[in-house]
Structures are given as structure tokens and as C-alpha cells.
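> My structure file start.cif, mmCIF, C-alpha atoms, is below:
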data_data
loop_
_atom_site.group_PDB
_atom_site.id
_atom_site.type_symbol
_atom_site.label_atom_id
_atom_site.label_comp_id
_atom_site.auth_asym_id
_atom_site.auth_seq_id
_atom_site.Cartn_x
_atom_site.Cartn_y
_atom_site.Cartn_z
ATOM 1 C CA MET A 651 0.000 0.000 0.000
ATOM 2 C CA ILE A 652 1.271 3.441 -0.943
ATOM 3 C CA LEU A 653 0.704 6.290 1.530
ATOM 4 C CA PHE A 654 0.501 9.560 -0.407
ATOM 5 C CA PRO A 655 1.113 12.804 1.489
ATOM 6 C CA ALA A 656 -1.060 15.524 -0.025
ATOM 7 C CA ILE A 657 -0.016 19.029 -0.991
ATOM 8 C CA ASP A 658 -3.004 21.204 -1.871
ATOM 9 C CA LEU A 659 -2.023 24.406 -3.642
ATOM 10 C CA LYS A 660 -3.898 27.692 -3.273
ATOM 11 C CA ASP A 661 -2.362 31.036 -4.213
ATOM 12 C CA GLY A 662 1.022 29.328 -4.497
ATOM 13 C CA ARG A 663 0.904 28.097 -0.918
ATOM 14 C CA CYS A 664 0.364 24.734 0.732
ATOM 15 C CA VAL A 665 -3.069 24.678 2.397
ATOM 16 C CA ARG A 666 -5.718 22.323 3.735
ATOM 17 C CA LEU A 667 -9.439 22.846 3.311
ATOM 18 C CA VAL A 668 -12.448 21.588 5.260
ATOM 19 C CA GLN A 669 -14.810 19.600 3.021
ATOM 20 C CA GLY A 670 -13.469 21.425 -0.026
ATOM 21 C CA ASP A 671 -14.537 24.873 1.195
ATOM 22 C CA MET A 672 -12.086 27.421 -0.220
ATOM 23 C CA THR A 673 -13.113 29.913 2.492
ATOM 24 C CA GLN A 674 -11.870 27.473 5.137
ATOM 25 C CA ALA A 675 -8.260 27.258 4.017
ATOM 26 C CA THR A 676 -5.508 26.816 6.583
ATOM 27 C CA VAL A 677 -2.051 27.706 5.306
ATOM 28 C CA PHE A 678 0.532 25.174 6.459
ATOM 29 C CA ASN A 679 3.511 26.230 4.389
ATOM 30 C CA ASP A 680 4.250 29.259 2.211
ATOM 31 C CA LYS A 681 6.860 27.217 0.338
ATOM 32 C CA PRO A 682 5.301 24.043 -1.112
ATOM 33 C CA ALA A 683 8.607 22.847 -2.574
ATOM 34 C CA GLU A 684 10.124 22.790 0.908
ATOM 35 C CA GLN A 685 7.125 20.828 2.155
ATOM 36 C CA ALA A 686 7.520 18.339 -0.684
ATOM 37 C CA LEU A 687 11.192 17.903 0.143
ATOM 38 C CA THR A 688 10.315 17.315 3.798
ATOM 39 C CA PHE A 689 7.922 14.547 2.785
ATOM 40 C CA GLU A 690 10.578 12.951 0.585
ATOM 41 C CA ARG A 691 13.145 13.061 3.395
ATOM 42 C CA GLN A 692 10.621 11.462 5.763
ATOM 43 C CA GLY A 693 10.559 8.462 3.463
ATOM 44 C CA PHE A 694 7.392 8.897 1.440
ATOM 45 C CA GLU A 695 7.668 7.354 -2.013
ATOM 46 C CA TYR A 696 4.952 9.217 -3.929
ATOM 47 C CA LEU A 697 3.387 12.701 -3.662
ATOM 48 C CA HIS A 698 -0.214 13.727 -4.307
ATOM 49 C CA LEU A 699 -0.634 17.326 -5.508
ATOM 50 C CA VAL A 700 -3.843 19.239 -6.115
ATOM 51 C CA ASP A 701 -4.073 22.615 -7.851
ATOM 52 C CA LEU A 702 -7.120 23.860 -5.931
ATOM 53 C CA ASP A 703 -7.346 27.140 -7.830
ATOM 54 C CA GLY A 704 -7.041 25.185 -11.061
ATOM 55 C CA ALA A 705 -9.972 22.949 -10.114
ATOM 56 C CA PHE A 706 -12.203 26.009 -9.916
ATOM 57 C CA ALA A 707 -10.694 27.818 -12.896
ATOM 58 C CA GLY A 708 -10.739 24.783 -15.179
ATOM 59 C CA LYS A 709 -7.092 25.275 -16.094
ATOM 60 C CA PRO A 710 -3.726 25.149 -14.301
ATOM 61 C CA VAL A 711 -3.196 28.082 -11.936
ATOM 62 C CA ASN A 712 -0.391 27.010 -9.594
ATOM 63 C CA ALA A 713 1.967 25.855 -12.334
ATOM 64 C CA ASP A 714 4.973 27.680 -10.882
ATOM 65 C CA ALA A 715 4.545 25.995 -7.505
ATOM 66 C CA VAL A 716 4.180 22.594 -9.165
ATOM 67 C CA LYS A 717 7.329 23.163 -11.200
ATOM 68 C CA GLU A 718 9.278 24.113 -8.077
ATOM 69 C CA ILE A 719 8.137 20.884 -6.435
ATOM 70 C CA LEU A 720 9.118 18.851 -9.497
ATOM 71 C CA ASP A 721 12.569 20.462 -9.396
ATOM 72 C CA ALA A 722 12.954 19.850 -5.657
ATOM 73 C CA VAL A 723 12.133 16.153 -5.330
ATOM 74 C CA SER A 724 12.999 12.933 -7.114
ATOM 75 C CA ILE A 725 10.007 10.825 -6.022
ATOM 76 C CA PRO A 726 7.059 10.498 -8.424
ATOM 77 C CA ILE A 727 4.154 12.934 -8.299
ATOM 78 C CA GLN A 728 0.495 12.575 -9.191
ATOM 79 C CA LEU A 729 -1.323 15.830 -9.881
ATOM 80 C CA GLY A 730 -4.962 16.828 -10.162
ATOM 81 C CA GLY A 731 -6.878 20.080 -10.485
ATOM 82 C CA GLY A 732 -7.849 21.927 -13.652
ATOM 83 C CA ILE A 733 -6.856 19.181 -16.088
ATOM 84 C CA ARG A 734 -9.619 19.435 -18.673
ATOM 85 C CA ASP A 735 -7.971 18.864 -22.073
ATOM 86 C CA LEU A 736 -5.355 16.693 -23.727
ATOM 87 C CA ARG A 737 -2.885 19.547 -24.123
ATOM 88 C CA THR A 738 -2.814 20.079 -20.358
ATOM 89 C CA VAL A 739 -2.343 16.342 -19.793
ATOM 90 C CA GLU A 740 0.570 16.294 -22.245
ATOM 91 C CA ARG A 741 2.153 19.408 -20.787
ATOM 92 C CA TRP A 742 2.184 18.096 -17.223
ATOM 93 C CA LEU A 743 3.521 14.686 -18.209
ATOM 94 C CA GLU A 744 6.249 16.305 -20.291
ATOM 95 C CA LYS A 745 7.224 18.493 -17.319
ATOM 96 C CA GLY A 746 7.796 15.418 -15.180
ATOM 97 C CA VAL A 747 4.502 14.651 -13.464
ATOM 98 C CA GLU A 748 4.255 10.862 -13.246
ATOM 99 C CA ARG A 749 0.465 10.616 -13.239
ATOM 100 C CA VAL A 750 -2.353 13.102 -13.795
ATOM 101 C CA VAL A 751 -5.710 12.872 -12.050
ATOM 102 C CA ILE A 752 -8.723 13.858 -14.139
ATOM 103 C CA GLY A 753 -11.881 14.742 -12.211
ATOM 104 C CA THR A 754 -14.465 17.082 -13.728
ATOM 105 C CA ALA A 755 -13.524 16.142 -17.287
ATOM 106 C CA ALA A 756 -14.178 12.473 -16.497
ATOM 107 C CA VAL A 757 -17.835 13.467 -16.140
ATOM 108 C CA ARG A 758 -17.992 16.116 -18.851
ATOM 109 C CA ASP A 759 -15.613 14.659 -21.446
ATOM 110 C CA PRO A 760 -15.125 10.897 -21.017
ATOM 111 C CA ASP A 761 -13.517 10.659 -24.454
ATOM 112 C CA LEU A 762 -10.649 12.781 -23.138
ATOM 113 C CA VAL A 763 -9.935 10.194 -20.451
ATOM 114 C CA ARG A 764 -10.045 7.353 -22.948
ATOM 115 C CA GLU A 765 -7.715 9.090 -25.387
ATOM 116 C CA ALA A 766 -5.291 10.142 -22.650
ATOM 117 C CA ALA A 767 -5.205 6.620 -21.209
ATOM 118 C CA ARG A 768 -4.559 5.217 -24.679
ATOM 119 C CA LEU A 769 -1.707 7.645 -25.329
ATOM 120 C CA TYR A 770 -0.189 7.449 -21.850
ATOM 121 C CA PRO A 771 -0.810 3.983 -20.394
ATOM 122 C CA GLY A 772 -0.374 3.799 -16.644
ATOM 123 C CA ARG A 773 -0.218 7.565 -16.235
ATOM 124 C CA ILE A 774 -3.890 8.569 -16.123
ATOM 125 C CA ALA A 775 -6.010 8.392 -12.967
ATOM 126 C CA ILE A 776 -9.609 9.390 -12.330
ATOM 127 C CA GLY A 777 -10.586 11.535 -9.383
ATOM 128 C CA ILE A 778 -14.020 10.602 -8.043
ATOM 129 C CA ASP A 779 -15.144 12.967 -5.321
ATOM 130 C CA ALA A 780 -18.397 11.859 -3.726
ATOM 131 C CA ARG A 781 -20.998 13.803 -1.810
ATOM 132 C CA ASP A 782 -23.874 11.623 -0.543
ATOM 133 C CA GLY A 783 -22.958 9.028 -3.152
ATOM 134 C CA LEU A 784 -23.066 11.450 -6.091
ATOM 135 C CA VAL A 785 -20.069 12.819 -7.963
ATOM 136 C CA ALA A 786 -19.026 16.412 -7.239
ATOM 137 C CA ILE A 787 -17.265 18.414 -9.948
ATOM 138 C CA GLU A 788 -15.849 21.898 -10.652
ATOM 139 C CA GLY A 789 -13.766 21.947 -7.482
ATOM 140 C CA TRP A 790 -16.656 20.283 -5.609
ATOM 141 C CA ALA A 791 -18.812 23.347 -6.262
ATOM 142 C CA GLN A 792 -21.357 21.367 -8.317
ATOM 143 C CA THR A 793 -22.906 17.920 -8.027
ATOM 144 C CA ALA A 794 -23.411 15.749 -11.097
ATOM 145 C CA GLN A 795 -26.421 13.450 -11.239
ATOM 146 C CA MET A 796 -24.205 10.414 -11.442
ATOM 147 C CA SER A 797 -23.150 7.909 -8.809
ATOM 148 C CA SER A 798 -19.516 7.163 -8.052
ATOM 149 C CA LEU A 799 -19.954 3.596 -9.219
ATOM 150 C CA ASP A 800 -21.549 4.600 -12.529
ATOM 151 C CA LEU A 801 -18.645 6.949 -13.231
ATOM 152 C CA ALA A 802 -16.054 4.327 -12.321
ATOM 153 C CA ARG A 803 -17.696 1.691 -14.504
ATOM 154 C CA ARG A 804 -17.622 4.096 -17.431
ATOM 155 C CA PHE A 805 -13.844 3.610 -17.591
ATOM 156 C CA GLU A 806 -13.525 -0.095 -16.802
ATOM 157 C CA ASP A 807 -12.112 -0.850 -20.248
ATOM 158 C CA ALA A 808 -10.195 2.414 -20.763
ATOM 159 C CA GLY A 809 -6.847 1.435 -19.275
ATOM 160 C CA VAL A 810 -7.042 3.909 -16.398
ATOM 161 C CA ALA A 811 -4.252 3.369 -13.846
ATOM 162 C CA ALA A 812 -6.224 4.204 -10.696
ATOM 163 C CA ILE A 813 -9.229 5.911 -9.165
ATOM 164 C CA VAL A 814 -8.708 8.388 -6.343
ATOM 165 C CA TYR A 815 -11.915 8.126 -4.331
ATOM 166 C CA THR A 816 -12.678 10.943 -1.892
ATOM 167 C CA ASP A 817 -15.597 11.141 0.506
ATOM 168 C CA ILE A 818 -16.095 14.915 0.696
ATOM 169 C CA SER A 819 -17.921 14.724 4.016
ATOM 170 C CA ARG A 820 -14.775 13.270 5.591
ATOM 171 C CA ASP A 821 -12.234 15.552 3.912
ATOM 172 C CA GLY A 822 -10.323 17.745 6.326
ATOM 173 C CA VAL A 823 -12.508 16.961 9.358
ATOM 174 C CA MET A 824 -10.391 14.154 10.826
ATOM 175 C CA LYS A 825 -13.204 11.617 11.163
ATOM 176 C CA GLY A 826 -11.357 8.759 9.525
ATOM 177 C CA LEU A 827 -11.588 7.298 6.036
ATOM 178 C CA ASN A 828 -14.916 6.029 4.737
ATOM 179 C CA ILE A 829 -13.626 2.476 4.425
ATOM 180 C CA GLN A 830 -17.062 0.996 3.788
ATOM 181 C CA ALA A 831 -17.824 3.127 0.742
ATOM 182 C CA THR A 832 -14.256 2.895 -0.579
ATOM 183 C CA LEU A 833 -14.198 -0.888 -0.356
ATOM 184 C CA ALA A 834 -17.655 -1.148 -1.919
ATOM 185 C CA LEU A 835 -16.348 0.755 -4.927
ATOM 186 C CA ALA A 836 -13.109 -1.236 -5.081
ATOM 187 C CA LYS A 837 -14.982 -4.541 -4.982
ATOM 188 C CA ALA A 838 -17.316 -3.496 -7.796
ATOM 189 C CA ILE A 839 -14.624 -2.568 -10.337
ATOM 190 C CA SER A 840 -11.296 -3.877 -11.591
ATOM 191 C CA ILE A 841 -9.483 -0.510 -11.513
ATOM 192 C CA ALA A 842 -7.156 0.093 -8.556
ATOM 193 C CA VAL A 843 -8.666 2.420 -5.930
ATOM 194 C CA ILE A 844 -6.834 4.935 -3.727
ATOM 195 C CA ALA A 845 -8.678 6.040 -0.578
ATOM 196 C CA SER A 846 -8.870 9.733 0.252
ATOM 197 C CA GLY A 847 -10.634 12.031 2.686
ATOM 198 C CA GLY A 848 -10.457 11.922 6.461
ATOM 199 C CA LEU A 849 -7.379 9.834 7.268
ATOM 200 C CA ALA A 850 -6.818 10.979 10.835
ATOM 201 C CA SER A 851 -4.473 8.742 12.791
ATOM 202 C CA LEU A 852 -2.358 5.618 13.036
ATOM 203 C CA ALA A 853 -5.597 3.716 13.663
ATOM 204 C CA ASP A 854 -6.612 4.487 10.068
ATOM 205 C CA ILE A 855 -3.301 3.070 8.847
ATOM 206 C CA GLU A 856 -3.929 -0.053 10.917
ATOM 207 C CA ARG A 857 -7.367 -0.372 9.361
ATOM 208 C CA LEU A 858 -5.949 -0.026 5.846
ATOM 209 C CA LEU A 859 -3.547 -2.879 6.565
ATOM 210 C CA GLN A 860 -6.321 -5.319 7.422
ATOM 211 C CA PRO A 861 -6.847 -8.168 4.906
ATOM 212 C CA ASP A 862 -10.101 -6.796 3.482
ATOM 213 C CA CYS A 863 -8.309 -3.599 2.428
ATOM 214 C CA ALA A 864 -5.631 -5.475 0.483
ATOM 215 C CA ARG A 865 -7.423 -4.620 -2.760
ATOM 216 C CA LEU A 866 -6.822 -0.894 -2.161
ATOM 217 C CA ALA A 867 -3.782 0.564 -3.921
ATOM 218 C CA GLY A 868 -3.115 3.196 -1.295
ATOM 219 C CA ALA A 869 -4.407 6.138 0.685
ATOM 220 C CA ILE A 870 -3.916 9.892 0.774
ATOM 221 C CA THR A 871 -3.276 11.812 3.965
ATOM 222 C CA GLY A 872 -3.201 15.560 4.458
ATOM 223 C CA ARG A 873 -4.241 17.485 7.545
ATOM 224 C CA ALA A 874 -3.284 14.675 9.945
ATOM 225 C CA LEU A 875 0.326 14.927 8.818
ATOM 226 C CA TYR A 876 0.399 18.702 9.021
ATOM 227 C CA ASP A 877 -1.043 19.038 12.499
ATOM 228 C CA GLY A 878 0.918 16.120 13.931
ATOM 229 C CA ARG A 879 -1.912 13.657 14.572
ATOM 230 C CA LEU A 880 -0.194 11.216 12.234
ATOM 231 C CA ASP A 881 3.522 10.657 12.699
ATOM 232 C CA ALA A 882 5.117 10.024 9.313
ATOM 233 C CA THR A 883 7.883 7.803 10.669
ATOM 234 C CA GLU A 884 5.454 5.610 12.622
ATOM 235 C CA ALA A 885 3.005 5.327 9.739
ATOM 236 C CA LEU A 886 5.632 4.392 7.166
ATOM 237 C CA ALA A 887 7.304 1.908 9.534
ATOM 238 C CA LEU A 888 3.968 0.234 10.186
ATOM 239 C CA ILE A 889 3.310 -0.151 6.462
ATOM 240 C CA LYS A 890 6.821 -1.428 5.797
ATOM 241 C CA ASN A 891 6.736 -3.927 8.655
ATOM 242 C CA ARG A 892 3.360 -5.272 7.602
ATOM 243 C CA ALA A 893 4.575 -5.693 4.034
ATOM 244 C CA HIS A 894 7.472 -7.820 5.251
ATOM 245 C CA ALA A 895 5.435 -9.829 7.736
#
Have the structure of the file written as C-alpha cells, please.

Amino acid sequence: MILFPAIDLKDGRCVRLVQGDMTQATVFNDKPAEQALTFERQGFEYLHLVDLDGAFAGKPVNADAVKEILDAVSIPIQLGGGIRDLRTVERWLEKGVERVVIGTAAVRDPDLVREAARLYPGRIAIGIDARDGLVAIEGWAQTAQMSSLDLARRFEDAGVAAIVYTDISRDGVMKGLNIQATLALAKAISIAVIASGGLASLADIERLLQPDCARLAGAITGRALYDGRLDATEALALIKNRAHA
């Protein structure tokens, strides 16, 4: 299981939101590249970046901050937020992003996902952000009349590398991952699923390492790392030890 530390970018800074509300942004670091380097030095093997402004604007906004992060670290990066056309996909992959996460466009332009996955096998992920079981889009500002499962099944045969599944109600409020809903999705499809939203403590890591969660490809953690509720060294050691058990 891969544990992804999250860096959410707003106005060029590293922030965390509460349930996707841009008015409830807590700034944790004015220098995202330094934060990324800290995560790499702690032993994380993959970074999860989100261009929050880009998600609302429908195009990349924090490109400079992303580039600084790419220059600072050597571990792979997956990036979402404002990726709505093939040119943007190509540009990010050419700049060194390992995997792009397509969210809103997966609902609005499924052909884009299919074409991108065909051109860049293994490097396209889908972001499914759920509110009461329905998919939220446009930076979570709108709700599509489509269930998470229906959206996931749309891309079963597309060659998508992974689905990042976020329960919006859990995001940033430290209530723990929605394991039940995440596993239900993972069991219903063949695409790898990454859990996101609410990972709060070492107990969540323990839960993710239980046998029934073996089908999950990983999990994303944000606020818990920043405010110290989750110790990076402990979490990574637990995952490593379990893998070798």
C-alpha cells in the first residue's frame, strides 16, 4: 500500500481545506517545494498534488509551484486540479509529473480520459469525489447526477491506472476514512482504488492494513500529517513492517 502525502495548492501556498470549502483554508507552508522535500526526506515514495485554484478555474493556476516541487524532489508525483484537455495532460507529463488525475472532465468529457489513457498507459487516474454518493465536480462546487460507481464503470475498459476516491464529508474533518464506501467501490470494479478524505491517525493506517483492504492501492493523507496527529515515521514503519510480515 502506498501512503501519499497531499499538498493542496492555493495562491502558491500549501493549504488544507475543510470539506473542499475554499473559504476554510488553513495555510501550512508558504513554500510548497520545501514541504515536498520534507515529505521525501521522511521516506514517502509518492506525492499527491492538487491545484485547488485550477480545479475552480478549469485550467492550471499554480503551475509555478508545481514546477518548483518537481525540481525539488525525485520521487514520483500525481497531480490533479484543472486538467480538462489533452494539451494540459501532455504538458504536465512532459514536465515530469508521473500521473495526472482527471476529475471534472471524467464526467464532462469521457472521451478525453479514454484518449489520454490510450496515449499514456499507466499515467492517467480518475478523481471521483463523492458527496452523498453522487459525484461532485468543478472543485466540488457542483454535483453531477451520477453515482460514483456509474462513473467508475464508465472507464472499466479504458486502461485507467487508478481511481482516487474521496468522501467529501470526511475531507479535512479528521473523522477517519470512509472504508465501507471505498471498499464497496473497489470490490465493484477492476481498476485500482486509492482512498482519500479523512485519514486521521495511526488507527486508520492499521485499518488499511487489514486483509479486506488489500485490494486498495493506497491512501492519501493531508491534515493529519500537518497538524501532527499522524507521525510520518510511525506510519511508514507500520506499512513497511506489515509488508514484510
> Nearest residue to Ile774 in chain A out of A:Leu699, A:Val739, A:Leu799, A:Val810, using only C-alpha atoms?
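Under the stated criterion, the closest residue is A:Val810.
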> As a PyMOL selection string, please: the residues near Glu806 in chain A (cut-off 12 Å, all atoms listed in the file, same-chain neighbours under 5 positions excluded).
chain A and resi 760+763-764+767+775-776+799-801+811-813+836+838-842
> Given the PyMOL selection byres ((chain A and resi 742) around 10) and the file above, list the residues it selects as a list in words.
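In the shown coordinates, the PyMOL selection byres ((chain A and resi 742) around 10) covers Pro710, Ala713, Val716, Lys717, Gln728, Leu729, Ile733, Arg737, Thr738, Val739, Glu740, Arg741, Leu743, Glu744, Lys745, Gly746, Val747, Glu748, Arg749 and Val750 of chain A.
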> Would you write out, as a ChimeraX atom specification, every residue that the PyMOL selection byres ((chain A and resi 846) around 8) captures in this file?
/A:814-817,821,827,844-845,847-849,869-871
> Can you write out as a Markdown table which residues of range 816-891 of chain A fall within 9 Å of range 676-698 of chain A, alongside each residue's closest atom pair and its distance in Å to one decimal, counting only C-alpha atoms and ordering rows by chain and ascending residue number?

| residue | atom | partner | partner_atom | distance |
| --- | --- | --- | --- | --- |
| A:Ile870 | CA | A:His698 | CA | 7.4 |
| A:Tyr876 | CA | A:Phe678 | CA | 7.0 |
| A:Asp877 | CA | A:Phe678 | CA | 8.8 |
| A:Ala882 | CA | A:Gln692 | CA | 6.7 |
| A:Thr883 | CA | A:Gln692 | CA | 6.7 |
| A:Leu886 | CA | A:Gly693 | CA | 7.4 |
> Work out how far CA of Thr754 in chain A is from CA of Phe706 in chain A, in Å to one decimal.
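According to the coordinates, CA of Phe706 in chain A and CA of Thr754 in chain A are separated by 10.0 Å.
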> So which one's closest to Ala885 in chain A, A:Gly704, A:Arg865, A:Ile855, A:Gln860? Using all atoms listed in the file, please.
A:Ile855
> What does the distance from CA of Ala786 in chain A to CA of Tyr770 in chain A come to in Å, to one decimal?
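CA of Tyr770 in chain A lies 25.5 Å from CA of Ala786 in chain A.
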> When the PyMOL selection byres ((chain A and resi 659) around 7) is applied to the file above, which residues end up in the set, as a list in words?
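Residues picked by the PyMOL selection byres ((chain A and resi 659) around 7): Ile657, Asp658, Lys660, Asp661, Gly662, Arg663, Cys664, Val665, Val700, Asp701, Leu702 and Asn712 of chain A.
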> Please, what distance in Å, to one decimal, runs between CA of Ala802 in chain A and CA of Pro771 in chain A?
17.3 Å
> Which is closer to Asp761 in chain A than all the others in A:Arg734, A:Arg773, A:His894, A:Lys709, using all atoms listed in the file?
A:Arg734
> Residues within 10 Å of (-18.2, 14.3, -9.7), file coordinates, counting all atoms listed in the file: what are they? Give the list as a PyMOL selection string.
chain A and resi 753-758+777-781+783-798+801
